file entry_20.pdb (PDB, C-alpha atoms, pLDDT in the B column)
MODEL        1
ATOM      1  CA  MET P1113      38.482   5.030  -5.090  1.00 81.00           C
ATOM      2  CA  LEU P1114      37.359   8.639  -4.791  1.00 79.00           C
ATOM      3  CA  LYS P1115      37.078   8.921  -8.573  1.00 83.00           C
ATOM      4  CA  ARG P1116      34.838   5.884  -8.654  1.00 83.00           C
ATOM      5  CA  LEU P1117      32.565   7.316  -5.962  1.00 79.00           C
ATOM      6  CA  ILE P1118      32.277  10.562  -7.906  1.00 79.00           C
ATOM      7  CA  GLN P1119      31.415   8.615 -11.077  1.00 80.00           C
ATOM      8  CA  ILE P1120      28.706   6.683  -9.269  1.00 80.00           C
ATOM      9  CA  GLU P1121      27.234   9.870  -7.856  1.00 79.00           C
ATOM     10  CA  GLU P1122      27.217  11.533 -11.294  1.00 76.00           C
ATOM     11  CA  GLN P1123      25.506   8.492 -12.839  1.00 77.00           C
ATOM     12  CA  GLU P1124      22.790   8.592 -10.208  1.00 74.00           C
ATOM     13  CA  LEU P1125      22.180  12.270 -10.842  1.00 69.00           C
ATOM     14  CA  LYS P1126      21.942  11.712 -14.602  1.00 71.00           C
ATOM     15  CA  GLY P1127      19.437   8.915 -14.091  1.00 68.00           C
ATOM     16  CA  ALA P1128      17.279  11.119 -11.902  1.00 73.00           C
ATOM     17  CA  SER P1129      17.006  13.992 -14.377  1.00 80.00           C
ATOM     18  CA  PRO P1130      14.004  12.573 -16.315  1.00 84.00           C
ATOM     19  CA  GLN P1131      12.220  12.032 -13.018  1.00 84.00           C
ATOM     20  CA  LEU P1132      13.016  15.563 -11.877  1.00 84.00           C
ATOM     21  CA  ALA P1133      11.793  16.931 -15.202  1.00 88.00           C
ATOM     22  CA  PHE P1134       8.525  15.001 -14.847  1.00 91.00           C
ATOM     23  CA  LEU P1135       8.004  16.316 -11.326  1.00 90.00           C
ATOM     24  CA  ALA P1136       8.698  19.884 -12.428  1.00 91.00           C
ATOM     25  CA  GLN P1137       6.267  19.602 -15.353  1.00 94.00           C
ATOM     26  CA  THR P1138       3.467  18.097 -13.267  1.00 94.00           C
ATOM     27  CA  LYS P1139       4.048  19.990 -10.018  1.00 94.00           C
ATOM     28  CA  GLU P1140       0.730  21.845 -10.110  1.00 93.00           C
ATOM     29  CA  TYR P1141      -1.251  18.707 -10.988  1.00 91.00           C
ATOM     30  CA  LEU P1142       0.463  16.659  -8.292  1.00 92.00           C
ATOM     31  CA  GLY P1143      -0.152  19.446  -5.784  1.00 92.00           C
ATOM     32  CA  GLU P1144      -3.875  19.183  -6.434  1.00 90.00           C
ATOM     33  CA  LEU P1145      -3.751  15.459  -5.718  1.00 92.00           C
ATOM     34  CA  ARG P1146      -1.729  15.822  -2.532  1.00 91.00           C
ATOM     35  CA  ASP P1147      -4.703  15.810  -0.166  1.00 89.00           C
ATOM     36  CA  TYR P1148      -6.801  13.262  -2.020  1.00 93.00           C
ATOM     37  CA  ALA P1149      -7.997  10.219  -0.125  1.00 93.00           C
ATOM     38  CA  ALA P1150      -8.870   6.800  -1.518  1.00 95.00           C
ATOM     39  CA  PHE P1151     -12.361   7.966  -2.522  1.00 91.00           C
ATOM     40  CA  GLU P1152     -11.015  10.790  -4.694  1.00 93.00           C
ATOM     41  CA  PHE P1153      -8.452   8.509  -6.332  1.00 95.00           C
ATOM     42  CA  GLU P1154     -11.202   6.012  -7.106  1.00 95.00           C
ATOM     43  CA  LEU P1155     -13.106   8.766  -8.902  1.00 94.00           C
ATOM     44  CA  LEU P1156      -9.957   9.850 -10.730  1.00 95.00           C
ATOM     45  CA  ASN P1157      -9.134   6.284 -11.759  1.00 95.00           C
ATOM     46  CA  GLY P1158     -12.722   5.863 -12.895  1.00 96.00           C
ATOM     47  CA  GLY P1159     -12.231   8.572 -15.504  1.00 96.00           C
ATOM     48  CA  ARG P1160     -13.430  11.686 -13.701  1.00 95.00           C
ATOM     49  CA  ASN P1161     -11.325  14.809 -14.101  1.00 93.00           C
ATOM     50  CA  ILE P1162      -9.930  16.870 -11.252  1.00 94.00           C
ATOM     51  CA  ALA P1163     -12.311  19.773 -11.774  1.00 94.00           C
ATOM     52  CA  ASP P1164     -15.353  17.506 -11.445  1.00 94.00           C
ATOM     53  CA  ILE P1165     -13.951  15.780  -8.386  1.00 94.00           C
ATOM     54  CA  ASN P1166     -13.222  19.103  -6.694  1.00 92.00           C
ATOM     55  CA  LYS P1167     -16.760  20.329  -7.463  1.00 93.00           C
ATOM     56  CA  GLU P1168     -18.222  17.182  -5.938  1.00 90.00           C
ATOM     57  CA  LEU P1169     -16.031  17.538  -2.854  1.00 89.00           C
ATOM     58  CA  ALA P1170     -17.138  21.143  -2.444  1.00 91.00           C
ATOM     59  CA  LEU P1171     -20.790  20.067  -2.605  1.00 91.00           C
ATOM     60  CA  LEU P1172     -20.212  17.304  -0.083  1.00 87.00           C
ATOM     61  CA  ARG P1173     -18.487  19.708   2.315  1.00 88.00           C
ATOM     62  CA  LYS P1174     -21.384  22.187   2.061  1.00 89.00           C
ATOM     63  CA  ASN P1175     -23.876  19.457   2.947  1.00 80.00           C
ATOM     64  CA  VAL P1176     -21.975  18.202   5.972  1.00 71.00           C
TER      65      VAL P1176
ENDMDL
END
call {"tool": "encode", "arguments": {"input": "entry_20.pdb", "output": "C-alpha cells"}}
result
Amino acid sequence: MLKRLIQIEEQELKGASPQLAFLAQTKEYLGELRDYAAFEFELLNGGRNIADINKELALLRKNV
C-alpha cells in the first residue's frame, strides 16, 4: 500500500514538471500581469503589448 502511494505521488510530480517549467520560464511576464484588472486584460487580449498598456496606465494615473 505504501509503495502504491509513493508511485502515485511520483506520477503527480512528473506530470507537474512541464507546468513548473512553464511557470519558471514566464515568471517575469506573469509578474507583470499580476496586478492587471479586467480593463488591462481586455487591452492585452485585443492585441496590445504589455509595454503599451503600462504606458497608457501611467498616463491615466498622471491625469487622475
call {"tool": "atom_distance", "arguments": {"input": "entry_20.pdb", "atom1": "CA of Leu1171 (chain P)", "atom2": "CA of Glu1152 (chain P)"}}
result
13.6 Å
call {"tool": "axis_aligned_box", "arguments": {"input": "entry_20.pdb", "around": "region 1168-1173 of chain P", "padding_each_side": "3 Å", "output": "JSON"}}
result
{"center_x": -18.4, "center_y": 19.2, "center_z": -1.8, "size_x": 10.8, "size_y": 10.0, "size_z": 14.3}
call {"tool": "atom_distance", "arguments": {"input": "entry_20.pdb", "atom1": "CA of Phe1151 (chain P)", "atom2": "CA of Lys1139 (chain P)"}}
result
21.7 Å
call {"tool": "closest_residue", "arguments": {"input": "entry_20.pdb", "among": "P:Leu1169, P:Ile1162, P:Val1176, P:Leu1117", "to": "Gly1143 (chain P)", "atoms": "only C-alpha atoms"}}
result
P:Ile1162
call {"tool": "atom_distance", "arguments": {"input": "entry_20.pdb", "atom1": "CA of Asn1166 (chain P)", "atom2": "CA of Tyr1141 (chain P)"}}
result
12.7 Å
call {"tool": "build_atoms", "arguments": {"input": "entry_20.pdb", "residues": "region 1139-1172 of chain P", "atoms": "N, CA and C atoms", "output": "PDB file, keeping the file's coordinate frame"}}
result
ATOM      1  N   LYS P1139       4.082  19.521 -11.408  1.00 94.00           N
ATOM      2  CA  LYS P1139       4.048  19.990 -10.018  1.00 94.00           C
ATOM      3  C   LYS P1139       2.666  20.486  -9.607  1.00 94.00           C
ATOM      4  N   GLU P1140       2.049  21.297 -10.436  1.00 93.00           N
ATOM      5  CA  GLU P1140       0.730  21.845 -10.110  1.00 93.00           C
ATOM      6  C   GLU P1140      -0.318  20.733 -10.013  1.00 93.00           C
ATOM      7  N   TYR P1141      -0.311  19.829 -10.976  1.00 91.00           N
ATOM      8  CA  TYR P1141      -1.251  18.707 -10.988  1.00 91.00           C
ATOM      9  C   TYR P1141      -1.065  17.825  -9.757  1.00 91.00           C
ATOM     10  N   LEU P1142       0.184  17.496  -9.460  1.00 92.00           N
ATOM     11  CA  LEU P1142       0.463  16.659  -8.292  1.00 92.00           C
ATOM     12  C   LEU P1142       0.085  17.356  -6.996  1.00 92.00           C
ATOM     13  N   GLY P1143       0.242  18.677  -6.961  1.00 92.00           N
ATOM     14  CA  GLY P1143      -0.152  19.446  -5.784  1.00 92.00           C
ATOM     15  C   GLY P1143      -1.642  19.353  -5.520  1.00 92.00           C
ATOM     16  N   GLU P1144      -2.426  19.322  -6.596  1.00 90.00           N
ATOM     17  CA  GLU P1144      -3.875  19.183  -6.434  1.00 90.00           C
ATOM     18  C   GLU P1144      -4.256  17.818  -5.880  1.00 90.00           C
ATOM     19  N   LEU P1145      -3.456  16.823  -6.176  1.00 92.00           N
ATOM     20  CA  LEU P1145      -3.751  15.459  -5.718  1.00 92.00           C
ATOM     21  C   LEU P1145      -3.227  15.176  -4.313  1.00 92.00           C
ATOM     22  N   ARG P1146      -2.440  16.064  -3.790  1.00 91.00           N
ATOM     23  CA  ARG P1146      -1.729  15.822  -2.532  1.00 91.00           C
ATOM     24  C   ARG P1146      -2.654  15.429  -1.382  1.00 91.00           C
ATOM     25  N   ASP P1147      -3.812  16.065  -1.291  1.00 89.00           N
ATOM     26  CA  ASP P1147      -4.703  15.810  -0.166  1.00 89.00           C
ATOM     27  C   ASP P1147      -5.833  14.835  -0.494  1.00 89.00           C
ATOM     28  N   TYR P1148      -5.759  14.206  -1.642  1.00 93.00           N
ATOM     29  CA  TYR P1148      -6.801  13.262  -2.020  1.00 93.00           C
ATOM     30  C   TYR P1148      -6.723  11.999  -1.157  1.00 93.00           C
ATOM     31  N   ALA P1149      -7.889  11.489  -0.845  1.00 93.00           N
ATOM     32  CA  ALA P1149      -7.997  10.219  -0.125  1.00 93.00           C
ATOM     33  C   ALA P1149      -8.362   9.131  -1.133  1.00 93.00           C
ATOM     34  N   ALA P1150      -8.564   7.938  -0.645  1.00 95.00           N
ATOM     35  CA  ALA P1150      -8.870   6.800  -1.518  1.00 95.00           C
ATOM     36  C   ALA P1150     -10.112   7.061  -2.372  1.00 95.00           C
ATOM     37  N   PHE P1151     -11.119   7.681  -1.789  1.00 91.00           N
ATOM     38  CA  PHE P1151     -12.361   7.966  -2.522  1.00 91.00           C
ATOM     39  C   PHE P1151     -12.092   8.826  -3.754  1.00 91.00           C
ATOM     40  N   GLU P1152     -11.310   9.893  -3.577  1.00 93.00           N
ATOM     41  CA  GLU P1152     -11.015  10.790  -4.694  1.00 93.00           C
ATOM     42  C   GLU P1152     -10.185  10.086  -5.769  1.00 93.00           C
ATOM     43  N   PHE P1153      -9.250   9.247  -5.347  1.00 95.00           N
ATOM     44  CA  PHE P1153      -8.452   8.509  -6.332  1.00 95.00           C
ATOM     45  C   PHE P1153      -9.299   7.484  -7.080  1.00 95.00           C
ATOM     46  N   GLU P1154     -10.293   6.917  -6.405  1.00 95.00           N
ATOM     47  CA  GLU P1154     -11.202   6.012  -7.106  1.00 95.00           C
ATOM     48  C   GLU P1154     -11.956   6.747  -8.200  1.00 95.00           C
ATOM     49  N   LEU P1155     -12.417   7.961  -7.896  1.00 94.00           N
ATOM     50  CA  LEU P1155     -13.106   8.766  -8.902  1.00 94.00           C
ATOM     51  C   LEU P1155     -12.162   9.115 -10.050  1.00 94.00           C
ATOM     52  N   LEU P1156     -10.950   9.499  -9.718  1.00 95.00           N
ATOM     53  CA  LEU P1156      -9.957   9.850 -10.730  1.00 95.00           C
ATOM     54  C   LEU P1156      -9.630   8.652 -11.615  1.00 95.00           C
ATOM     55  N   ASN P1157      -9.431   7.498 -11.001  1.00 95.00           N
ATOM     56  CA  ASN P1157      -9.134   6.284 -11.759  1.00 95.00           C
ATOM     57  C   ASN P1157     -10.335   5.814 -12.575  1.00 95.00           C
ATOM     58  N   GLY P1158     -11.516   6.216 -12.159  1.00 96.00           N
ATOM     59  CA  GLY P1158     -12.722   5.863 -12.895  1.00 96.00           C
ATOM     60  C   GLY P1158     -12.968   6.754 -14.103  1.00 96.00           C
ATOM     61  N   GLY P1159     -12.108   7.734 -14.324  1.00 96.00           N
ATOM     62  CA  GLY P1159     -12.231   8.572 -15.504  1.00 96.00           C
ATOM     63  C   GLY P1159     -12.703   9.989 -15.249  1.00 96.00           C
ATOM     64  N   ARG P1160     -12.997  10.316 -14.013  1.00 95.00           N
ATOM     65  CA  ARG P1160     -13.430  11.686 -13.701  1.00 95.00           C
ATOM     66  C   ARG P1160     -12.228  12.616 -13.728  1.00 95.00           C
ATOM     67  N   ASN P1161     -12.438  13.866 -14.105  1.00 93.00           N
ATOM     68  CA  ASN P1161     -11.325  14.809 -14.101  1.00 93.00           C
ATOM     69  C   ASN P1161     -11.263  15.556 -12.765  1.00 93.00           C
ATOM     70  N   ILE P1162     -10.162  16.211 -12.541  1.00 94.00           N
ATOM     71  CA  ILE P1162      -9.930  16.870 -11.252  1.00 94.00           C
ATOM     72  C   ILE P1162     -10.972  17.955 -10.967  1.00 94.00           C
ATOM     73  N   ALA P1163     -11.335  18.704 -11.978  1.00 94.00           N
ATOM     74  CA  ALA P1163     -12.311  19.773 -11.774  1.00 94.00           C
ATOM     75  C   ALA P1163     -13.645  19.212 -11.279  1.00 94.00           C
ATOM     76  N   ASP P1164     -14.099  18.127 -11.877  1.00 94.00           N
ATOM     77  CA  ASP P1164     -15.353  17.506 -11.445  1.00 94.00           C
ATOM     78  C   ASP P1164     -15.256  16.953 -10.033  1.00 94.00           C
ATOM     79  N   ILE P1165     -14.146  16.337  -9.723  1.00 94.00           N
ATOM     80  CA  ILE P1165     -13.951  15.780  -8.386  1.00 94.00           C
ATOM     81  C   ILE P1165     -13.957  16.892  -7.354  1.00 94.00           C
ATOM     82  N   ASN P1166     -13.266  17.991  -7.641  1.00 92.00           N
ATOM     83  CA  ASN P1166     -13.222  19.103  -6.694  1.00 92.00           C
ATOM     84  C   ASN P1166     -14.594  19.738  -6.509  1.00 92.00           C
ATOM     85  N   LYS P1167     -15.397  19.815  -7.583  1.00 93.00           N
ATOM     86  CA  LYS P1167     -16.760  20.329  -7.463  1.00 93.00           C
ATOM     87  C   LYS P1167     -17.592  19.431  -6.558  1.00 93.00           C
ATOM     88  N   GLU P1168     -17.462  18.127  -6.756  1.00 90.00           N
ATOM     89  CA  GLU P1168     -18.222  17.182  -5.938  1.00 90.00           C
ATOM     90  C   GLU P1168     -17.807  17.270  -4.471  1.00 90.00           C
ATOM     91  N   LEU P1169     -16.514  17.400  -4.231  1.00 89.00           N
ATOM     92  CA  LEU P1169     -16.031  17.538  -2.854  1.00 89.00           C
ATOM     93  C   LEU P1169     -16.558  18.809  -2.211  1.00 89.00           C
ATOM     94  N   ALA P1170     -16.613  19.889  -2.970  1.00 91.00           N
ATOM     95  CA  ALA P1170     -17.138  21.143  -2.444  1.00 91.00           C
ATOM     96  C   ALA P1170     -18.612  20.997  -2.068  1.00 91.00           C
ATOM     97  N   LEU P1171     -19.379  20.304  -2.914  1.00 91.00           N
ATOM     98  CA  LEU P1171     -20.790  20.067  -2.605  1.00 91.00           C
ATOM     99  C   LEU P1171     -20.947  19.201  -1.356  1.00 91.00           C
ATOM    100  N   LEU P1172     -20.128  18.169  -1.255  1.00 87.00           N
ATOM    101  CA  LEU P1172     -20.212  17.304  -0.083  1.00 87.00           C
ATOM    102  C   LEU P1172     -19.855  18.047   1.197  1.00 87.00           C
TER     103      LEU P1172
END
